[in-house]
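Shown next: upload.cif, given as mmCIF, C-alpha atoms.
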```cif
data_run
loop_
_atom_site.label_atom_id
_atom_site.label_comp_id
_atom_site.auth_asym_id
_atom_site.auth_seq_id
_atom_site.Cartn_x
_atom_site.Cartn_y
_atom_site.Cartn_z
CA ALA A 29 9.24 -10.50 -2.57
CA ASP A 30 12.15 -12.94 -2.43
CA LEU A 31 14.20 -11.89 0.59
CA GLY A 32 16.67 -14.75 0.44
CA ALA A 33 15.93 -16.37 3.80
CA GLU A 34 12.18 -15.96 3.39
CA ARG A 35 9.45 -15.10 0.94
CA ALA A 36 7.15 -12.18 1.81
CA LEU A 37 3.71 -11.23 0.58
CA LEU A 38 3.34 -7.45 0.36
CA VAL A 39 0.03 -5.59 0.35
CA ALA A 40 -0.84 -1.95 1.00
CA ASP A 41 -3.75 -0.03 2.48
CA VAL A 42 -5.97 -2.74 3.94
CA HIS A 43 -8.06 -0.09 5.75
CA ALA A 44 -9.70 -2.59 8.07
CA GLY A 45 -12.85 -1.12 9.57
CA ILE A 46 -13.50 1.20 6.65
CA GLU A 47 -17.25 0.69 6.96
CA VAL A 48 -17.11 1.95 10.55
CA GLY A 49 -15.11 4.96 9.39
CA LEU A 50 -17.48 5.80 6.55
CA ARG A 51 -20.43 5.63 8.91
CA TYR A 52 -18.70 7.95 11.38
CA GLU A 53 -17.17 10.35 8.83
CA ARG A 54 -19.86 10.58 6.17
CA GLY A 55 -22.98 8.92 7.48
CA VAL A 56 -22.68 6.18 4.82
CA GLU A 57 -24.04 2.77 5.76
CA LEU A 58 -22.37 -0.23 4.09
CA ASP A 59 -22.38 -3.90 4.95
CA SER A 60 -19.07 -4.94 6.46
CA ARG A 61 -16.66 -6.89 4.27
CA ALA A 62 -14.40 -7.73 7.20
CA ASP A 63 -14.74 -11.51 6.72
CA GLU A 64 -14.05 -11.20 3.00
CA ARG A 65 -10.93 -9.09 3.55
CA ARG A 66 -9.58 -11.50 6.14
CA GLU A 67 -10.21 -14.55 3.98
CA ARG A 68 -8.68 -12.88 0.92
CA LEU A 69 -5.49 -12.04 2.83
CA CYS A 70 -5.17 -15.56 4.22
CA ASP A 71 -5.84 -17.07 0.79
CA LEU A 72 -3.10 -14.91 -0.73
CA VAL A 73 -0.64 -15.99 1.94
CA ALA A 74 -1.39 -19.61 1.05
CA GLU A 75 -1.38 -19.09 -2.72
CA THR A 76 1.99 -17.32 -2.70
CA ASP A 77 3.53 -19.75 -0.18
CA ALA A 78 4.64 -16.71 1.82
CA ASP A 79 6.68 -16.92 5.02
CA ARG A 80 5.58 -13.45 6.13
CA LEU A 81 2.89 -10.84 5.42
CA VAL A 82 4.05 -7.23 5.09
CA VAL A 83 1.43 -4.46 5.13
CA LEU A 84 2.76 -1.23 3.60
CA GLY A 85 0.79 0.99 5.93
CA ASP A 86 -2.83 1.81 6.75
CA LEU A 87 -3.74 -1.56 8.13
CA ALA A 88 -6.61 0.26 9.85
CA HIS A 89 -8.90 2.96 8.48
CA ARG A 90 -9.70 5.36 11.31
CA ILE A 91 -6.82 7.40 12.68
CA GLY A 92 -6.08 6.84 16.36
CA ALA A 93 -6.40 3.96 18.77
CA PRO A 94 -8.81 1.35 17.35
CA ASP A 95 -11.92 0.48 19.32
CA GLY A 96 -15.35 -1.09 18.90
CA ASP A 97 -16.10 -2.93 15.66
CA GLU A 98 -12.86 -1.76 14.05
CA ARG A 99 -10.75 -3.24 16.83
CA GLU A 100 -12.68 -6.50 16.64
CA GLU A 101 -11.99 -6.70 12.90
CA LEU A 102 -8.29 -5.98 13.44
CA GLU A 103 -8.03 -8.57 16.22
CA ALA A 104 -9.61 -11.26 14.03
CA LEU A 105 -7.51 -10.34 10.99
CA ILE A 106 -4.20 -10.21 12.84
CA ARG A 107 -4.95 -13.46 14.68
CA ALA A 108 -5.89 -15.25 11.45
CA VAL A 109 -2.70 -14.12 9.70
CA THR A 110 -0.29 -14.66 12.58
CA ASP A 111 -1.67 -18.16 13.17
CA ARG A 112 -0.13 -18.85 9.77
CA VAL A 113 2.88 -16.53 9.33
CA PRO A 114 4.53 -13.56 11.10
CA MET A 115 3.20 -10.13 10.16
CA THR A 116 5.08 -6.85 9.64
CA LEU A 117 3.41 -3.44 9.62
CA VAL A 118 5.04 -0.43 8.00
CA GLU A 119 3.46 2.47 9.90
CA GLY A 120 1.15 4.62 7.81
CA ASN A 121 -0.74 7.77 8.67
CA HIS A 122 -3.66 5.67 10.01
CA ASP A 123 -1.54 3.30 12.09
CA ALA A 124 -0.15 5.07 15.15
CA GLY A 125 -2.75 3.55 17.46
CA VAL A 126 -2.60 0.16 15.74
CA ALA A 127 1.16 -0.25 16.13
CA GLU A 128 0.83 0.45 19.85
CA ALA A 129 -2.30 -1.63 20.44
CA PHE A 130 -0.90 -4.72 18.71
CA ALA A 131 2.80 -4.32 19.51
CA ALA A 132 2.98 -7.87 20.87
CA ASP A 133 1.58 -9.36 17.65
CA LEU A 134 3.33 -7.36 14.92
CA ASP A 135 6.82 -6.46 13.81
CA VAL A 136 6.74 -2.72 13.13
CA ILE A 137 8.77 -0.58 10.73
CA GLY A 138 8.49 3.15 11.39
CA PRO A 139 7.04 5.80 9.04
CA GLU A 140 10.50 6.53 7.63
CA GLY A 141 10.57 3.03 6.14
CA GLY A 142 13.24 0.36 6.16
CA ARG A 143 14.65 -2.77 4.56
CA LEU A 144 13.02 -6.18 4.59
CA GLY A 145 14.90 -9.33 5.42
CA ARG A 146 17.83 -9.97 7.70
CA GLY A 147 20.56 -7.38 7.71
CA SER A 148 21.01 -4.36 5.47
CA ALA A 149 21.88 -6.39 2.38
CA SER A 150 18.25 -6.89 1.40
CA GLY A 151 17.45 -5.29 -1.92
CA VAL A 152 13.81 -4.61 -0.99
CA ALA A 153 12.95 -1.39 0.83
CA VAL A 154 9.48 -0.39 2.05
CA CYS A 155 7.67 2.73 3.22
CA HIS A 156 4.07 3.87 3.39
CA GLY A 157 4.40 7.13 1.48
CA HIS A 158 2.67 9.76 3.60
CA THR A 159 5.92 11.38 4.67
CA TRP A 160 9.46 11.78 3.39
CA PRO A 161 11.27 8.42 3.71
CA ASP A 162 14.75 7.67 4.95
CA PRO A 163 17.09 8.68 2.08
CA ALA A 164 19.07 5.49 2.70
CA LEU A 165 16.25 3.52 1.08
CA ARG A 166 17.57 4.73 -2.27
CA ASP A 167 20.40 2.19 -1.98
CA ALA A 168 17.94 -0.69 -2.38
CA ASP A 169 17.19 -2.48 -5.66
CA VAL A 170 13.46 -1.81 -5.39
CA ILE A 171 11.34 0.44 -3.15
CA CYS A 172 7.73 -0.54 -2.44
CA THR A 173 5.29 2.11 -1.28
CA GLY A 174 1.57 2.52 -0.62
CA HIS A 175 -0.61 5.47 0.46
CA GLU A 176 -1.38 6.73 -3.04
CA HIS A 177 -4.12 4.20 -3.94
CA PRO A 178 -3.37 4.62 -7.69
CA GLN A 179 -6.30 4.14 -10.05
CA VAL A 180 -6.80 4.63 -13.79
CA ARG A 181 -9.95 5.93 -15.46
CA LEU A 182 -10.62 3.96 -18.63
CA GLU A 183 -12.96 5.22 -21.34
CA ASP A 184 -14.42 3.41 -24.34
CA SER A 185 -15.21 4.76 -27.79
CA VAL A 186 -18.82 5.64 -26.93
CA GLY A 187 -18.04 7.61 -23.78
CA GLY A 188 -18.50 4.90 -21.18
CA SER A 189 -15.92 4.75 -18.42
CA ARG A 190 -14.82 2.76 -15.41
CA VAL A 191 -12.15 3.16 -12.75
CA GLU A 192 -9.68 0.37 -11.99
CA ARG A 193 -7.04 0.00 -9.28
CA ALA A 194 -3.53 -0.12 -10.71
CA TRP A 195 0.14 -0.57 -9.92
CA LEU A 196 2.72 2.03 -10.95
CA ARG A 197 6.22 0.83 -11.69
CA GLY A 198 9.24 2.73 -12.96
CA THR A 199 12.79 3.91 -12.28
CA LEU A 200 13.15 6.24 -9.31
CA ASP A 201 14.51 9.77 -9.59
CA PRO A 202 16.68 9.68 -6.42
CA ALA A 203 16.75 13.45 -5.94
CA ALA A 204 12.94 13.66 -5.94
CA PHE A 205 12.75 10.97 -3.25
CA SER A 206 14.48 13.21 -0.69
CA GLU A 207 13.07 16.32 0.99
CA SER A 208 16.46 18.03 0.62
CA GLY A 209 16.77 17.08 -3.05
CA ASP A 210 20.27 15.68 -2.55
CA THR A 211 21.47 12.58 -4.39
CA PRO A 212 23.35 9.64 -2.85
CA GLY A 213 26.42 9.96 -5.05
CA PRO A 214 26.58 9.12 -8.76
CA PRO A 215 23.15 7.81 -9.87
CA ALA A 216 24.67 4.81 -11.63
CA ASP A 217 21.83 2.40 -11.01
CA PRO A 218 18.79 4.01 -9.35
CA PRO A 219 16.25 1.65 -7.83
CA GLU A 220 12.84 0.73 -9.17
CA LEU A 221 9.85 2.29 -7.41
CA VAL A 222 6.64 0.28 -7.18
CA VAL A 223 3.51 2.12 -6.01
CA PHE A 224 0.98 -0.42 -4.74
CA PRO A 225 -2.77 -0.29 -5.33
CA ALA A 226 -4.97 -0.28 -2.26
CA PHE A 227 -5.93 -3.76 -1.06
CA ASN A 228 -9.28 -2.32 0.02
CA GLU A 229 -11.51 -1.68 -3.00
CA ARG A 230 -13.67 0.77 -1.02
CA SER A 231 -10.89 3.20 -0.11
CA GLY A 232 -10.90 5.38 -3.25
CA GLY A 233 -7.68 6.72 -4.71
CA THR A 234 -5.79 8.97 -7.09
CA TRP A 235 -6.85 8.85 -10.76
CA VAL A 236 -3.28 8.98 -12.03
CA ASN A 237 -4.17 9.39 -15.73
CA VAL A 238 -6.62 12.27 -15.25
CA GLU A 239 -5.18 15.75 -15.63
CA GLY A 240 -5.42 17.93 -12.53
CA GLN A 241 -5.43 15.11 -10.00
CA SER A 242 -3.22 15.85 -6.99
CA PHE A 243 -0.90 13.11 -5.76
CA LEU A 244 -0.77 12.36 -2.03
CA ALA A 245 2.83 11.22 -1.48
CA PRO A 246 5.23 14.19 -1.18
CA TYR A 247 7.63 12.64 -3.70
CA LEU A 248 5.04 11.83 -6.38
CA PRO A 249 4.79 12.24 -9.29
CA ALA A 250 8.30 13.79 -9.44
CA ALA A 251 10.05 10.60 -8.24
CA LEU A 252 8.57 8.69 -11.21
CA PRO A 253 9.49 10.66 -14.33
CA ALA A 254 8.24 7.65 -16.32
CA ALA A 255 6.18 4.74 -15.05
CA ASP A 256 4.01 1.99 -16.48
CA ALA A 257 0.59 1.22 -15.05
CA TYR A 258 -0.58 -2.36 -14.55
CA LEU A 259 -4.09 -3.56 -13.75
CA LEU A 260 -4.60 -6.05 -10.92
CA ASP A 261 -4.67 -8.93 -13.42
CA GLY A 262 -1.20 -7.93 -14.66
CA ALA A 263 -2.32 -6.21 -17.88
CA ARG A 264 0.31 -3.63 -18.81
CA LEU A 265 -1.23 -0.34 -19.96
CA GLY A 266 1.97 1.57 -20.75
CA ASP A 267 3.00 4.93 -19.33
CA TYR A 268 0.19 6.05 -17.04
CA ARG A 269 0.30 9.60 -18.42
CA ASP A 270 -0.64 8.36 -21.89
CA ILE A 271 -3.57 6.11 -20.93
#
```
What would the structure in this file look like if it were written as structure tokens?
Amino acid sequence: ADLGAERALLVADVHAGIEVGLRYERGVELDSRADERRERLCDLVAETDADRLVVLGDLAHRIGAPDGDEREELEALIRAVTDRVPMTLVEGNHDAGVAEAFAADLDVIGPEGGRLGRGSASGVAVCHGHTWPDPALRDADVICTGHEHPQVRLEDSVGGSRVERAWLRGTLDPAAFSESGDTPGPPADPPELVVFPAFNERSGGTWVNVEGQSFLAPYLPAALPAADAYLLDGARLGDYRDI
């Protein structure tokens, strides 16, 4: 994201410590990919020449104050990033304890979301997506959100299938982005809404092109009356409902 005074790298749903959470929640034992996640984030900061890393919520996996192996992973990740660039966390539903525990190391934007960059003139707004955002975000040029972990299920002609993480990108319906359903005046130029895939490939997600799947964000899918899906390599698949 070009914010004028700086360039920011945005990612969503890192879910650091997910292996600890899966062991605790489901009794599933997986080798930790903590080192790989940390290196991938730092490599992306370097590759994009970013001045800041912005995490669109759910930096951690387990809800509540982090401890044990999860806290160690978070400490190493945050230290590795902030040795290079400042880091901003948009609070997600898994982040209440993280924002408090690492308040000295992170800039924090609350669950209602906010604008990136200096002053209110920035055209880039961010929120996690687990709750209704600040209606003022609708004045931005683009709104970036996480939480949903969008995925597409792709089938071939002989019945084989695979699931891929995907971006969703389309024009926002401003009324559907507000709990009250009000609109911010004449909808002359509504913003673009970009729903980010989860950074963590082990965190599951919503199969957006499979009928009957329930969306997680309170404003989806209504806030995206039409949206294209993109794979992580940038391949455009067209409207996600028709895939």
Apply the PyMOL selection byres ((chain A and resi 179-192) around 8) to the structure shown and report the selected residues as a ChimeraX atom specification. /A:177-178,193-195,225,233-238,259,268,271
Can you pull out every residue within 9 Å of Pro139 (chain A), counting all atoms listed in the file, but drop anything in the same chain fewer than 5 positions away, and send it as number ranges by chain? A: 85, 118-121, 155-162
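Residues matched by the PyMOL selection byres ((chain A and resi 122) around 7) in this file are A:Asp86, A:Ala88, A:His89, A:Arg90, A:Ile91, A:Gly92, A:Gly120, A:Asn121, A:Asp123, A:Ala124.
Note that the spacing between CA of Asp267 (chain A) and CA of Phe224 (chain A) amounts to 15.7 Å.
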Applying the PyMOL selection byres ((chain A and resi 198) around 10) to the file I just gave you, which residues come out? Please list them as an NGL selection string. :A and (170 or 196-197 or 199-201 or 219-223 or 251-257 or 267)
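The smallest atom-to-atom distance between Leu31 (chain A) and any of A:Pro114, A:Gly151, A:Gly45, A:Pro94, using all atoms listed in the file, is found for A:Gly151.
The residue set within 10 Å of Glu101 (chain A), counting only C-alpha atoms and dropping same-chain residues fewer than 5 places from it, reads Ala44, Gly45, Ser60, Arg61, Ala62, Asp63, Arg65, Arg66, Ala88, Pro94, Asp95, Gly96, Ile106 and Arg107 of chain A.
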Would you put the residues from that selection into a file with C-alpha atoms, as a short mmCIF file (atom, residue, chain, number, x, y, z; two decimals), keeping the file's coordinate frame?
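Saved the output as result14.cif:
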```cif
data_model
loop_
_atom_site.label_atom_id
_atom_site.label_comp_id
_atom_site.auth_asym_id
_atom_site.auth_seq_id
_atom_site.Cartn_x
_atom_site.Cartn_y
_atom_site.Cartn_z
CA ALA A 44 -9.70 -2.59 8.07
CA GLY A 45 -12.85 -1.12 9.57
CA SER A 60 -19.07 -4.94 6.46
CA ARG A 61 -16.66 -6.89 4.27
CA ALA A 62 -14.40 -7.73 7.20
CA ASP A 63 -14.74 -11.51 6.72
CA ARG A 65 -10.93 -9.09 3.55
CA ARG A 66 -9.58 -11.50 6.14
CA ALA A 88 -6.61 0.26 9.85
CA PRO A 94 -8.81 1.35 17.35
CA ASP A 95 -11.92 0.48 19.32
CA GLY A 96 -15.35 -1.09 18.90
CA ILE A 106 -4.20 -10.21 12.84
CA ARG A 107 -4.95 -13.46 14.68
#
```
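The nearest approach to Asp167 (chain A) among the residues A:Glu128, A:Val42, A:Asp217, A:Glu140, with all atoms listed in the file taken into account, belongs to A:Asp217.
Take CA of Pro202 (chain A) and CA of Cys172 (chain A): the distance between them is 14.2 Å.
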To one decimal place in Å, what is the distance between CA of Leu37 (chain A) and CA of Asp79 (chain A)? 7.8 Å
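Considering the residues A:Glu98, A:Ala74, A:Leu38, A:Phe130 and counting all atoms listed in the file, Val154 (chain A) has its shortest atom-to-atom contact with A:Leu38.
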Would you compute an axis-aligned box for region 259-262 of chain A, covering every atom listed for it in the file with 4 Å of margin on each side, and report centre and edge lengths in Å to one decimal as JSON?
```
{"center_x": -2.9, "center_y": -6.2, "center_z": -12.8, "size_x": 11.5, "size_y": 13.4, "size_z": 11.7}
```
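Closest approach to Asp30 (chain A) among A:Leu265, A:Ala104, A:Val48, A:Val152: A:Val152, based on only C-alpha atoms.
When all atoms listed in the file are used to measure the gap to Ala36 (chain A), the shortest distance among A:Ala108, A:Ala226, A:Ile137, A:Val82 belongs to A:Val82.
Minimum distance to Arg68 (chain A) across A:Ala29, A:Ala132, A:Ile46, A:Val109 (counting only C-alpha atoms) occurs at A:Val109.
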